[in-house]
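Text of target.pdb, listed as PDB, C-alpha atoms and all ligand atoms:
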```
ATOM      1  CA  MET N   1    -190.411  36.995 114.142
ATOM      2  CA  LYS N   2    -188.942  40.062 112.479
ATOM      3  CA  ILE N   3    -187.269  39.456 109.112
ATOM      4  CA  THR N   4    -184.119  41.202 110.362
ATOM      5  CA  ASP N   5    -183.851  38.600 113.162
ATOM      6  CA  ILE N   6    -184.415  35.758 110.673
ATOM      7  CA  LEU N   7    -181.637  37.162 108.469
ATOM      8  CA  LYS N   8    -179.265  37.290 111.457
ATOM      9  CA  GLN N   9    -179.498  33.534 112.028
ATOM     10  CA  ASP N  10    -176.597  31.292 111.026
ATOM     11  CA  GLY N  11    -176.791  29.731 107.590
ATOM     12  CA  PRO N  12    -178.671  30.571 104.415
ATOM     13  CA  THR N  13    -182.359  31.507 104.255
ATOM     14  CA  LEU N  14    -184.927  30.566 101.627
ATOM     15  CA  SER N  15    -188.225  32.404 101.315
ATOM     16  CA  PHE N  16    -191.153  32.172  98.890
ATOM     17  CA  GLU N  17    -193.610  34.702  97.470
ATOM     18  CA  VAL N  18    -197.328  34.456  96.805
ATOM     19  CA  PHE N  19    -199.664  36.995  95.265
ATOM     20  CA  PRO N  20    -203.261  37.496  96.389
ATOM     21  CA  PRO N  21    -206.253  36.931  94.094
ATOM     22  CA  LYS N  22    -207.717  39.871  92.145
ATOM     23  CA  THR N  23    -211.279  38.901  93.065
ATOM     24  CA  SER N  24    -212.968  36.690  95.640
ATOM     25  CA  ALA N  25    -213.435  34.026  92.926
ATOM     26  CA  GLY N  26    -209.707  33.282  92.984
ATOM     27  CA  TYR N  27    -209.354  33.233  96.768
ATOM     28  CA  ASP N  28    -209.657  29.475  97.334
ATOM     29  CA  SER N  29    -207.056  28.507  94.761
ATOM     30  CA  VAL N  30    -204.582  31.077  96.144
ATOM     31  CA  ALA N  31    -205.287  29.890  99.692
ATOM     32  CA  LYS N  32    -204.610  26.277  98.621
ATOM     33  CA  ALA N  33    -201.328  27.200  96.882
ATOM     34  CA  THR N  34    -200.331  29.241  99.942
ATOM     35  CA  GLN N  35    -200.990  26.293 102.236
ATOM     36  CA  GLU N  36    -198.884  23.979 100.073
ATOM     37  CA  ILE N  37    -196.014  26.466  99.907
ATOM     38  CA  ALA N  38    -196.203  27.095 103.676
ATOM     39  CA  ALA N  39    -195.990  23.314 104.229
ATOM     40  CA  LEU N  40    -192.431  23.492 102.795
ATOM     41  CA  ARG N  41    -191.503  25.496 105.936
ATOM     42  CA  PRO N  42    -189.562  28.349 104.284
ATOM     43  CA  HIS N  43    -187.812  30.870 106.547
ATOM     44  CA  PHE N  44    -190.585  33.309 105.639
ATOM     45  CA  MET N  45    -193.174  33.995 102.958
ATOM     46  CA  SER N  46    -194.086  37.295 101.351
ATOM     47  CA  VAL N  47    -197.476  38.376 100.040
ATOM     48  CA  THR N  48    -197.601  40.993  97.283
ATOM     49  CA  TYR N  49    -199.967  43.962  97.153
ATOM     50  CA  GLY N  50    -202.012  45.310  94.253
ATOM     51  CA  ALA N  51    -200.704  48.734  93.238
ATOM     52  CA  GLY N  52    -204.240  50.106  92.952
ATOM     53  CA  GLY N  53    -205.019  48.960  96.500
ATOM     54  CA  GLY N  54    -207.746  46.631  95.176
ATOM     55  CA  THR N  55    -206.308  43.583  96.850
ATOM     56  CA  SER N  56    -205.288  45.085 100.186
ATOM     57  CA  ASP N  57    -207.856  43.023 102.120
ATOM     58  CA  TYR N  58    -206.655  39.877 100.411
ATOM     59  CA  THR N  59    -203.010  40.709 101.141
ATOM     60  CA  VAL N  60    -203.798  41.106 104.833
ATOM     61  CA  GLY N  61    -206.025  37.995 104.863
ATOM     62  CA  ILE N  62    -203.541  35.728 103.073
ATOM     63  CA  ALA N  63    -200.640  37.063 105.183
ATOM     64  CA  ALA N  64    -202.576  36.509 108.418
ATOM     65  CA  GLY N  65    -203.342  32.903 107.359
ATOM     66  CA  ILE N  66    -199.653  32.225 106.700
ATOM     67  CA  SER N  67    -198.570  33.372 110.147
ATOM     68  CA  GLN N  68    -201.565  32.375 112.267
ATOM     69  CA  THR N  69    -202.693  29.136 110.619
ATOM     70  CA  TYR N  70    -199.439  27.757 109.257
ATOM     71  CA  GLY N  71    -196.990  29.317 111.733
ATOM     72  CA  VAL N  72    -194.675  30.666 109.006
ATOM     73  CA  ASP N  73    -193.253  34.183 109.427
ATOM     74  CA  VAL N  74    -194.691  36.575 106.901
ATOM     75  CA  LEU N  75    -193.778  39.765 105.064
ATOM     76  CA  ALA N  76    -196.746  41.811 103.806
ATOM     77  CA  HIS N  77    -196.073  44.102 100.839
ATOM     78  CA  LEU N  78    -197.650  47.570 100.868
ATOM     79  CA  THR N  79    -197.628  50.077  98.004
ATOM     80  CA  CYS N  80    -198.335  53.790  98.322
ATOM     81  CA  VAL N  81    -198.354  55.649  94.992
ATOM     82  CA  SER N  82    -202.055  55.215  94.295
ATOM     83  CA  SER N  83    -202.982  55.358  97.960
ATOM     84  CA  THR N  84    -203.640  57.927 100.647
ATOM     85  CA  ARG N  85    -202.131  58.388 104.102
ATOM     86  CA  ALA N  86    -205.504  57.440 105.608
ATOM     87  CA  HIS N  87    -205.664  54.168 103.659
ATOM     88  CA  VAL N  88    -202.055  53.276 104.495
ATOM     89  CA  SER N  89    -202.781  53.932 108.139
ATOM     90  CA  ARG N  90    -205.844  51.667 107.984
ATOM     91  CA  VAL N  91    -203.910  48.807 106.404
ATOM     92  CA  LEU N  92    -201.107  49.155 108.962
ATOM     93  CA  GLY N  93    -203.742  48.999 111.705
ATOM     94  CA  GLN N  94    -205.098  45.742 110.232
ATOM     95  CA  LEU N  95    -201.603  44.257 109.983
ATOM     96  CA  LYS N  96    -200.896  45.168 113.597
ATOM     97  CA  GLU N  97    -204.184  43.636 114.691
ATOM     98  CA  LYS N  98    -203.234  40.362 112.978
ATOM     99  CA  GLY N  99    -199.790  40.382 114.606
ATOM    100  CA  ILE N 100    -197.936  40.940 111.306
ATOM    101  CA  GLN N 101    -194.630  42.640 112.072
ATOM    102  CA  ASN N 102    -192.953  42.805 108.664
ATOM    103  CA  VAL N 103    -193.823  45.190 105.827
ATOM    104  CA  LEU N 104    -192.137  45.604 102.431
ATOM    105  CA  ALA N 105    -192.611  49.323 101.757
ATOM    106  CA  LEU N 106    -193.065  49.973  98.042
ATOM    107  CA  ARG N 107    -193.987  52.866  95.867
ATOM    108  CA  GLY N 108    -195.785  50.722  93.274
ATOM    109  CA  ASP N 109    -195.817  51.363  89.530
ATOM    110  CA  ILE N 110    -197.345  54.643  88.447
ATOM    111  CA  PRO N 111    -200.525  53.810  86.513
ATOM    112  CA  GLU N 112    -200.960  55.059  82.944
ATOM    113  CA  GLY N 113    -202.474  58.540  83.136
ATOM    114  CA  GLY N 114    -200.905  59.192  86.559
ATOM    115  CA  ALA N 115    -201.681  58.157  90.109
ATOM    116  CA  PRO N 116    -205.198  58.829  91.411
ATOM    117  CA  ALA N 117    -203.859  59.954  94.806
ATOM    118  CA  HIS N 118    -200.956  62.263  95.563
ATOM    119  CA  ASP N 119    -199.982  61.654  99.178
ATOM    120  CA  TYR N 120    -196.880  59.704  98.175
ATOM    121  CA  GLN N 121    -194.246  60.099  95.483
ATOM    122  CA  TYR N 122    -191.582  57.657  96.658
ATOM    123  CA  ALA N 123    -191.309  54.584  98.867
ATOM    124  CA  ALA N 124    -189.056  56.453 101.332
ATOM    125  CA  GLN N 125    -192.081  58.537 102.382
ATOM    126  CA  LEU N 126    -194.017  55.338 103.089
ATOM    127  CA  VAL N 127    -191.077  53.996 105.100
ATOM    128  CA  ARG N 128    -191.267  57.084 107.338
ATOM    129  CA  ASP N 129    -195.032  56.731 107.796
ATOM    130  CA  ILE N 130    -194.744  53.040 108.700
ATOM    131  CA  GLN N 131    -192.040  53.847 111.217
ATOM    132  CA  ALA N 132    -194.260  56.456 112.799
ATOM    133  CA  GLN N 133    -197.047  53.925 113.223
ATOM    134  CA  GLY N 134    -195.452  51.246 115.331
ATOM    135  CA  ASP N 135    -192.767  48.702 115.767
ATOM    136  CA  PHE N 136    -192.710  47.252 112.241
ATOM    137  CA  CYS N 137    -189.687  45.677 110.585
ATOM    138  CA  ILE N 138    -189.505  47.518 107.260
ATOM    139  CA  GLY N 139    -188.003  46.265 104.024
ATOM    140  CA  GLY N 140    -187.694  47.849 100.587
ATOM    141  CA  ALA N 141    -187.102  46.941  96.954
ATOM    142  CA  CYS N 142    -183.823  47.402  95.098
ATOM    143  CA  TYR N 143    -182.795  46.997  91.473
ATOM    144  CA  PRO N 144    -179.429  45.432  90.556
ATOM    145  CA  GLU N 145    -179.891  46.684  86.963
ATOM    146  CA  GLY N 146    -181.201  50.071  88.125
ATOM    147  CA  HIS N 147    -184.891  50.979  88.405
ATOM    148  CA  PRO N 148    -186.314  51.521  84.878
ATOM    149  CA  GLU N 149    -187.268  55.150  85.652
ATOM    150  CA  SER N 150    -183.855  56.063  86.993
ATOM    151  CA  PRO N 151    -181.544  57.994  84.642
ATOM    152  CA  THR N 152    -178.442  56.193  85.970
ATOM    153  CA  LYS N 153    -177.610  53.320  88.308
ATOM    154  CA  ASP N 154    -175.721  55.762  90.505
ATOM    155  CA  ALA N 155    -178.768  58.015  90.913
ATOM    156  CA  ASP N 156    -180.872  54.962  91.764
ATOM    157  CA  ILE N 157    -178.367  53.884  94.432
ATOM    158  CA  ASP N 158    -178.360  57.418  95.896
ATOM    159  CA  HIS N 159    -182.158  57.222  96.233
ATOM    160  CA  LEU N 160    -181.857  53.726  97.667
ATOM    161  CA  LYS N 161    -179.554  55.141 100.311
ATOM    162  CA  GLU N 162    -182.178  57.763 101.193
ATOM    163  CA  LYS N 163    -184.741  54.953 101.554
ATOM    164  CA  VAL N 164    -182.447  53.017 103.889
ATOM    165  CA  GLU N 165    -181.702  56.160 105.892
ATOM    166  CA  ALA N 166    -185.456  56.726 106.196
ATOM    167  CA  GLY N 167    -185.679  53.413 108.100
ATOM    168  CA  CYS N 168    -185.609  50.554 105.629
ATOM    169  CA  GLN N 169    -183.922  47.663 107.452
ATOM    170  CA  PHE N 170    -183.398  45.131 104.655
ATOM    171  CA  LEU N 171    -183.718  45.021 100.863
ATOM    172  CA  THR N 172    -185.076  42.481  98.403
ATOM    173  CA  THR N 173    -183.806  42.619  94.841
ATOM    174  CA  GLN N 174    -185.684  42.638  91.598
ATOM    175  CA  MET N 175    -185.127  39.397  89.680
ATOM    176  CA  PHE N 176    -181.907  38.990  87.691
ATOM    177  CA  PHE N 177    -180.646  36.161  85.514
ATOM    178  CA  ASP N 178    -176.934  36.965  85.551
ATOM    179  CA  ASN N 179    -175.313  36.782  88.990
ATOM    180  CA  ASN N 180    -172.479  39.112  87.978
ATOM    181  CA  ILE N 181    -175.050  41.903  87.846
ATOM    182  CA  LEU N 182    -175.889  41.273  91.502
ATOM    183  CA  TYR N 183    -172.239  41.052  92.563
ATOM    184  CA  ASN N 184    -171.521  44.385  90.873
ATOM    185  CA  PHE N 185    -174.594  45.951  92.505
ATOM    186  CA  LEU N 186    -173.625  44.688  95.967
ATOM    187  CA  TYR N 187    -170.141  46.109  95.524
ATOM    188  CA  ARG N 188    -171.554  49.493  94.492
ATOM    189  CA  ILE N 189    -174.108  49.793  97.296
ATOM    190  CA  ARG N 190    -171.622  48.717  99.972
ATOM    191  CA  GLU N 191    -169.186  51.297  98.609
ATOM    192  CA  LYS N 192    -171.895  53.949  99.044
ATOM    193  CA  GLY N 193    -172.400  52.885 102.665
ATOM    194  CA  ILE N 194    -175.601  50.826 102.354
ATOM    195  CA  THR N 195    -174.984  48.031 104.840
ATOM    196  CA  VAL N 196    -178.435  46.478 105.446
ATOM    197  CA  PRO N 197    -178.953  42.806 104.478
ATOM    198  CA  VAL N 198    -179.878  42.171 100.851
ATOM    199  CA  VAL N 199    -182.149  39.255  99.920
ATOM    200  CA  ALA N 200    -181.562  38.052  96.345
ATOM    201  CA  GLY N 201    -184.822  37.681  94.389
ATOM    202  CA  ILE N 202    -184.758  34.706  92.002
ATOM    203  CA  MET N 203    -187.422  34.001  89.405
ATOM    204  CA  PRO N 204    -187.510  30.396  88.172
ATOM    205  CA  VAL N 205    -188.801  30.692  84.600
ATOM    206  CA  THR N 206    -190.690  27.507  83.869
ATOM    207  CA  ASN N 207    -192.848  28.752  81.021
ATOM    208  CA  GLY N 208    -191.317  30.008  77.771
ATOM    209  CA  LYS N 209    -194.101  32.518  77.091
ATOM    210  CA  GLN N 210    -193.774  34.088  80.536
ATOM    211  CA  ILE N 211    -190.266  35.356  79.842
ATOM    212  CA  ALA N 212    -191.106  37.850  77.087
ATOM    213  CA  ARG N 213    -193.753  39.484  79.295
ATOM    214  CA  ILE N 214    -191.480  39.601  82.337
ATOM    215  CA  CYS N 215    -188.648  41.221  80.432
ATOM    216  CA  LYS N 216    -190.932  43.753  78.780
ATOM    217  CA  LEU N 217    -192.214  44.800  82.205
ATOM    218  CA  SER N 218    -188.906  44.909  84.040
ATOM    219  CA  GLY N 219    -186.278  45.342  81.288
ATOM    220  CA  THR N 220    -184.303  42.475  82.844
ATOM    221  CA  TYR N 221    -181.148  41.392  80.969
ATOM    222  CA  LEU N 222    -181.238  37.845  79.599
ATOM    223  CA  PRO N 223    -177.856  36.131  79.227
ATOM    224  CA  GLU N 224    -177.321  34.162  75.996
ATOM    225  CA  ARG N 225    -177.148  30.847  77.852
ATOM    226  CA  PHE N 226    -180.565  31.548  79.351
ATOM    227  CA  LYS N 227    -182.012  32.524  75.947
ATOM    228  CA  ALA N 228    -180.670  29.258  74.511
ATOM    229  CA  ILE N 229    -182.613  27.307  77.134
ATOM    230  CA  VAL N 230    -185.850  29.136  76.308
ATOM    231  CA  ASP N 231    -185.224  28.674  72.551
ATOM    232  CA  LYS N 232    -184.603  24.958  72.972
ATOM    233  CA  PHE N 233    -187.234  24.031  75.553
ATOM    234  CA  GLY N 234    -189.763  26.894  75.481
ATOM    235  CA  ASP N 235    -192.318  24.895  73.486
ATOM    236  CA  ASN N 236    -192.032  21.791  75.648
ATOM    237  CA  PRO N 237    -193.718  22.563  79.002
ATOM    238  CA  ALA N 238    -192.277  19.618  80.937
ATOM    239  CA  ALA N 239    -188.733  20.247  79.661
ATOM    240  CA  MET N 240    -189.010  24.018  80.236
ATOM    241  CA  HIS N 241    -190.204  23.401  83.790
ATOM    242  CA  GLN N 242    -187.224  21.174  84.518
ATOM    243  CA  ALA N 243    -184.738  23.492  82.789
ATOM    244  CA  GLY N 244    -186.169  26.614  84.528
ATOM    245  CA  ILE N 245    -185.825  25.034  87.972
ATOM    246  CA  ALA N 246    -182.308  23.830  87.136
ATOM    247  CA  TYR N 247    -181.242  27.295  85.881
ATOM    248  CA  ALA N 248    -182.579  29.005  89.036
ATOM    249  CA  ALA N 249    -180.981  26.338  91.265
ATOM    250  CA  GLY N 250    -177.661  26.873  89.459
ATOM    251  CA  GLN N 251    -177.910  30.619  90.054
ATOM    252  CA  ILE N 252    -178.630  30.044  93.748
ATOM    253  CA  ILE N 253    -175.743  27.608  94.212
ATOM    254  CA  ASP N 254    -173.382  30.178  92.682
ATOM    255  CA  LEU N 255    -174.818  32.919  94.949
ATOM    256  CA  LEU N 256    -174.406  30.797  98.078
ATOM    257  CA  ALA N 257    -170.856  29.869  97.038
ATOM    258  CA  ASN N 258    -170.055  33.572  96.716
ATOM    259  CA  GLY N 259    -171.378  34.625 100.105
ATOM    260  CA  VAL N 260    -174.949  35.702  99.272
ATOM    261  CA  ARG N 261    -176.922  34.063 102.098
ATOM    262  CA  HIS N 262    -180.527  35.101 101.588
ATOM    263  CA  ILE N 263    -182.601  33.839  98.669
ATOM    264  CA  HIS N 264    -186.179  34.839  97.891
ATOM    265  CA  ILE N 265    -188.043  32.834  95.256
ATOM    266  CA  TYR N 266    -190.670  34.512  93.102
ATOM    267  CA  SER N 267    -192.741  31.354  93.317
ATOM    268  CA  MET N 268    -195.829  32.870  91.655
ATOM    269  CA  ASN N 269    -198.390  30.786  93.627
ATOM    270  CA  LYS N 270    -196.846  27.608  92.243
ATOM    271  CA  PRO N 271    -196.081  25.061  94.975
ATOM    272  CA  GLU N 272    -194.374  22.799  92.431
ATOM    273  CA  ILE N 273    -191.836  25.549  91.686
ATOM    274  CA  ALA N 274    -191.151  26.201  95.367
ATOM    275  CA  ALA N 275    -190.859  22.465  96.056
ATOM    276  CA  GLY N 276    -188.653  21.908  92.981
ATOM    277  CA  ILE N 277    -186.211  24.620  94.066
ATOM    278  CA  GLN N 278    -186.134  23.392  97.633
ATOM    279  CA  ALA N 279    -185.516  19.787  96.559
ATOM    280  CA  SER N 280    -182.672  20.854  94.215
ATOM    281  CA  LEU N 281    -180.945  22.662  97.091
ATOM    282  CA  SER N 282    -181.572  20.363 100.031
ATOM    283  CA  GLU N 283    -177.871  19.856 100.791
ATOM    284  CA  VAL N 284    -176.444  23.245  99.814
ATOM    285  CA  LEU N 285    -178.969  25.085 101.987
ATOM    286  CA  LYS N 286    -177.856  23.286 105.159
TER     287      LYS N 286
HETATM  288  P1  LIG N 301    -188.915  53.857  95.020
HETATM  289  O1  LIG N 301    -187.919  53.337  95.990
HETATM  290  O2  LIG N 301    -189.740  55.024  95.432
HETATM  291  O3  LIG N 301    -188.154  54.211  93.662
HETATM  292  C1  LIG N 301    -188.891  54.479  92.473
HETATM  293  C2  LIG N 301    -188.063  55.344  91.540
HETATM  294  O4  LIG N 301    -187.970  56.665  92.085
HETATM  295  C3  LIG N 301    -186.634  54.878  91.332
HETATM  296  O5  LIG N 301    -186.260  55.144  90.022
HETATM  297  C4  LIG N 301    -185.835  55.738  92.309
HETATM  298  O6  LIG N 301    -184.486  55.905  91.906
HETATM  299  C5  LIG N 301    -186.620  57.049  92.220
HETATM  300  N1  LIG N 301    -186.526  57.907  93.404
HETATM  301  C6  LIG N 301    -186.655  57.540  94.682
HETATM  302  N2  LIG N 301    -186.552  58.601  95.503
HETATM  303  C7  LIG N 301    -186.378  59.675  94.699
HETATM  304  C8  LIG N 301    -186.206  61.073  94.925
HETATM  305  N3  LIG N 301    -186.206  61.586  96.167
HETATM  306  N4  LIG N 301    -186.069  61.900  93.845
HETATM  307  C9  LIG N 301    -186.079  61.408  92.574
HETATM  308  N5  LIG N 301    -186.232  60.088  92.306
HETATM  309  C10 LIG N 301    -186.368  59.243  93.345
HETATM  310  N6  LIG N 301    -195.331  46.369  93.018
HETATM  311  C11 LIG N 301    -196.603  46.200  93.471
HETATM  312  O7  LIG N 301    -197.513  46.860  92.964
HETATM  313  N7  LIG N 301    -196.909  45.325  94.470
HETATM  314  C12 LIG N 301    -195.956  44.573  95.085
HETATM  315  O8  LIG N 301    -196.249  43.799  95.991
HETATM  316  C13 LIG N 301    -194.590  44.704  94.628
HETATM  317  N8  LIG N 301    -193.589  44.001  95.199
HETATM  318  C14 LIG N 301    -192.304  44.193  94.775
HETATM  319  C15 LIG N 301    -191.256  43.495  95.423
HETATM  320  C16 LIG N 301    -189.933  43.657  95.005
HETATM  321  C17 LIG N 301    -188.839  42.900  95.709
HETATM  322  C18 LIG N 301    -189.633  44.520  93.916
HETATM  323  C19 LIG N 301    -188.216  44.668  93.452
HETATM  324  C20 LIG N 301    -190.655  45.242  93.290
HETATM  325  C21 LIG N 301    -191.979  45.096  93.718
HETATM  326  N9  LIG N 301    -193.025  45.806  93.122
HETATM  327  C22 LIG N 301    -194.324  45.642  93.575
HETATM  328  C23 LIG N 301    -192.763  46.725  92.003
HETATM  329  C24 LIG N 301    -192.466  48.159  92.492
HETATM  330  O9  LIG N 301    -193.626  48.705  93.081
HETATM  331  C25 LIG N 301    -192.043  48.992  91.272
HETATM  332  O10 LIG N 301    -190.809  48.557  90.791
HETATM  333  C26 LIG N 301    -192.055  50.508  91.436
HETATM  334  O11 LIG N 301    -191.908  51.101  90.147
HETATM  335  C27 LIG N 301    -190.962  51.084  92.319
HETATM  336  O12 LIG N 301    -191.188  50.827  93.641
HETATM  337  P2  LIG N 301    -190.051  51.168  94.751
HETATM  338  O13 LIG N 301    -190.655  50.865  96.058
HETATM  339  O14 LIG N 301    -188.792  50.509  94.380
HETATM  340  O15 LIG N 301    -189.941  52.744  94.543
END
```

Encoding of this model in structure tokens:
Amino acid sequence: MKITDILKQDGPTLSFEVFPPKTSAGYDSVAKATQEIAALRPHFMSVTYGAGGGTSDYTVGIAAGISQTYGVDVLAHLTCVSSTRAHVSRVLGQLKEKGIQNVLALRGDIPEGGAPAHDYQYAAQLVRDIQAQGDFCIGGACYPEGHPESPTKDADIDHLKEKVEAGCQFLTTQMFFDNNILYNFLYRIREKGITVPVVAGIMPVTNGKQIARICKLSGTYLPERFKAIVDKFGDNPAAMHQAGIAYAAGQIIDLLANGVRHIHIYSMNKPEIAAGIQASLSEVLK
């Protein structure tokens, strides 16, 4: 099913993300985690894509397994900045062949020293190319705190609007730990006329060391009450796991109570995180 049709259904949606292995050595463990996450029957699952294109076969393979073997709708990510039009066209052909209808069109991070290919500068160009190559349901990324390269939030939202006008039919947000940032973002994009559904991306942080790396990469704002949790429980893995799930579940309950219906969990190939979130929300997600 197309993600846009899933998002039109009554009631909230919960989806989970997996990332493919970097090499064939990691394939079996990713496949096992994927199977366990798929067994939770989320509304859909997404499979990330290596910016350098190195894992494109794995993305297609893992995504095909999710839809064909486990019967869960799937969203395949595709990045373009280090890629060529010919490669993108090949990957889209493979996705079509496997019956995968949903693509998250991304630029990807620009590698240090610049991108090795120059066919694409921005995700909007990829959106247009995907549209030209068949009946795909196309999503895109958005940044409640503004994309780190963007000079202002307003400029970022203007470019987001161009991406939506190019054919992007839904958006998934970068992680955020303070819901007010999302509410403000939603207000601003709606005011600018961006009306497509927005799926809120939630990262349950269950490992104290993970948080410093995540924030360095994305520049995500950490509220004091979240920092206090990491300070208190960061060195105790079992306590941090429980507190991280509880914090994410609390965020989601607040989102649902305030009319945000679609939740995507950055589950990081961890079935226990996906299962923990789902169990914490069994009643509120009905
Ligand atoms: P774009 O939409 O192209 O935006 C990038 C920057 O360019 C922004 O600052 C934007 O404001 C600016 N911009 C856009 N158009 C113009 C214009 N015409 N003129 C000037 N500036 C412009 N990375 C991966 O490698 N693999 C993944 O699977 C992956 N999945 C992701 C999923 C989600 C939900 C999110 C939020 C991010 C994901 N990323 C992934 C990371 C993403 O690739 C990076 O954040 C990347 O830096 C930007 O990608 P984008 O598609 O948002 O780019």

**OP:** Check what the PyMOL selection byres (((chain N and resi 133) around 10) and not hetatm) selects in the file above and give those residues as a list of chain:residue names.
**Re:**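 With the PyMOL selection byres (((chain N and resi 133) around 10) and not hetatm) on this model, the match is N:Ser89, N:Leu92, N:Gly93, N:Lys96, N:Arg128, N:Asp129, N:Ile130, N:Gln131, N:Ala132, N:Gly134, N:Asp135, N:Phe136.
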
**OP:** Check every protein, DNA and RNA residue against ligand LIG 301 (chain N), keep those with an atom at most 7 Å away (counting only C-alpha atoms and all ligand atoms), and present them as a PyMOL selection string.
**Re:** chain N and resi 47-51+77-79+105-110+121-124+140-143+147-150+155-157+159-160+163+172-174+201

Original post:
From the set N:Leu40, N:Ile211, N:Leu256, N:Val30, which residue has the shortest atom-to-atom contact distance to Gly11 of chain N, counting all atoms listed in the file?
Top reply: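 Once distances to Gly11 of chain N are computed over all atoms listed in the file, the minimum belongs to N:Leu256.
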
**OP:** Write out as a list in words each polymer residue whose atoms come within 10 Å of Ala200 of chain N, counting all atoms listed in the file; drop sequence neighbours fewer than 3 positions from it.
**Re:**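 Listing them by chain and then by number gives Leu14, Cys142, Pro144, Leu171, Thr172, Thr173, Gln174, Met175, Phe176, Asn179, Leu182, Pro197, Met203, Ile252, Leu255, Val260, Arg261, His262, Ile263, His264 and Ile265 of chain N.
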
Subject >> atom CA of Gln125 of chain N to atom CA of Ser15 of chain N, distance in Å rounded to a single decimal >> reply: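 Atom-to-atom, atom CA of Gln125 of chain N to atom CA of Ser15 of chain N, that is 26.4 Å.
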
Original post:
Near Ala243 of chain N, counting all atoms listed in the file, which residues have an atom at most 10 Å away, once you skip same-chain residues fewer than 6 positions from it, shown as a list in words?
Top reply: Pro204, Val205, Thr206, Asn207, Phe226, Ile229, Val230, Lys232, Phe233, Gly234, Pro237 and Ala249 of chain N

Original post:
When distances are computed from only C-alpha atoms, which of N:Ser46, N:Ser56, N:Gln9, N:Asn184 shows the smallest separation from Thr23 of chain N?
Top reply: N:Ser56

Original post:
If the PyMOL selection byres (((chain N and resi 270) around 12) and not hetatm) is run on the structure shown, which residues does it catch, given as number ranges by chain?
Top reply: N: 16-19, 29-38, 203-207, 241, 265-269, 271-277

Box for segment 143-156 of chain N: with edges along x, y and z, all listed atoms inside and 3 Å added on each side, what are the centre and edge lengths in Å to one decimal, as lines of an AutoDock Vina configuration file?
```
center_x = -181.5
center_y = 51.7
center_z = 88.2
size_x = 17.5
size_y = 18.6
size_z = 13.1
```

Dump as a PDB file with C-alpha atoms, in the frame of the given file all residues having an atom at most 12 Å from (-172.5, 56.7, 104.4), computed in the file's coordinates with all atoms listed in the file.
```pdb
ATOM      1  CA  ILE N 157    -178.367  53.884  94.432  1.00  0.00           C
ATOM      2  CA  ASP N 158    -178.360  57.418  95.896  1.00  0.00           C
ATOM      3  CA  LEU N 160    -181.857  53.726  97.667  1.00  0.00           C
ATOM      4  CA  LYS N 161    -179.554  55.141 100.311  1.00  0.00           C
ATOM      5  CA  GLU N 162    -182.178  57.763 101.193  1.00  0.00           C
ATOM      6  CA  VAL N 164    -182.447  53.017 103.889  1.00  0.00           C
ATOM      7  CA  GLU N 165    -181.702  56.160 105.892  1.00  0.00           C
ATOM      8  CA  ILE N 189    -174.108  49.793  97.296  1.00  0.00           C
ATOM      9  CA  ARG N 190    -171.622  48.717  99.972  1.00  0.00           C
ATOM     10  CA  GLU N 191    -169.186  51.297  98.609  1.00  0.00           C
ATOM     11  CA  LYS N 192    -171.895  53.949  99.044  1.00  0.00           C
ATOM     12  CA  GLY N 193    -172.400  52.885 102.665  1.00  0.00           C
ATOM     13  CA  ILE N 194    -175.601  50.826 102.354  1.00  0.00           C
ATOM     14  CA  THR N 195    -174.984  48.031 104.840  1.00  0.00           C
ATOM     15  CA  VAL N 196    -178.435  46.478 105.446  1.00  0.00           C
TER      16      VAL N 196
END
```

Repaired coordinates for segment 37-45 of chain N (N, CA and C atoms) as a CSV table (one decimal), in the frame of the given file:
```csv
chain,number,residue,atom,x,y,z
N,37,ILE,N,-197.3,25.8,99.8
N,37,ILE,CA,-196.0,26.5,99.9
N,37,ILE,C,-195.6,26.6,101.4
N,38,ALA,N,-196.5,27.0,102.2
N,38,ALA,CA,-196.2,27.1,103.7
N,38,ALA,C,-195.8,25.8,104.3
N,39,ALA,N,-196.3,24.7,103.7
N,39,ALA,CA,-196.0,23.3,104.2
N,39,ALA,C,-194.5,23.0,104.0
N,40,LEU,N,-193.9,23.7,103.1
N,40,LEU,CA,-192.4,23.5,102.8
N,40,LEU,C,-191.5,24.1,103.9
N,41,ARG,N,-192.2,24.9,104.8
N,41,ARG,CA,-191.5,25.5,105.9
N,41,ARG,C,-190.3,26.4,105.5
N,42,PRO,N,-190.6,27.4,104.6
N,42,PRO,CA,-189.6,28.3,104.3
N,42,PRO,C,-189.2,29.2,105.5
N,43,HIS,N,-188.2,30.0,105.4
N,43,HIS,CA,-187.8,30.9,106.5
N,43,HIS,C,-188.9,32.0,106.7
N,44,PHE,N,-189.4,32.4,105.6
N,44,PHE,CA,-190.6,33.3,105.6
N,44,PHE,C,-191.3,33.3,104.3
N,45,MET,N,-192.5,33.8,104.2
N,45,MET,CA,-193.2,34.0,103.0
N,45,MET,C,-193.6,35.4,102.8
```
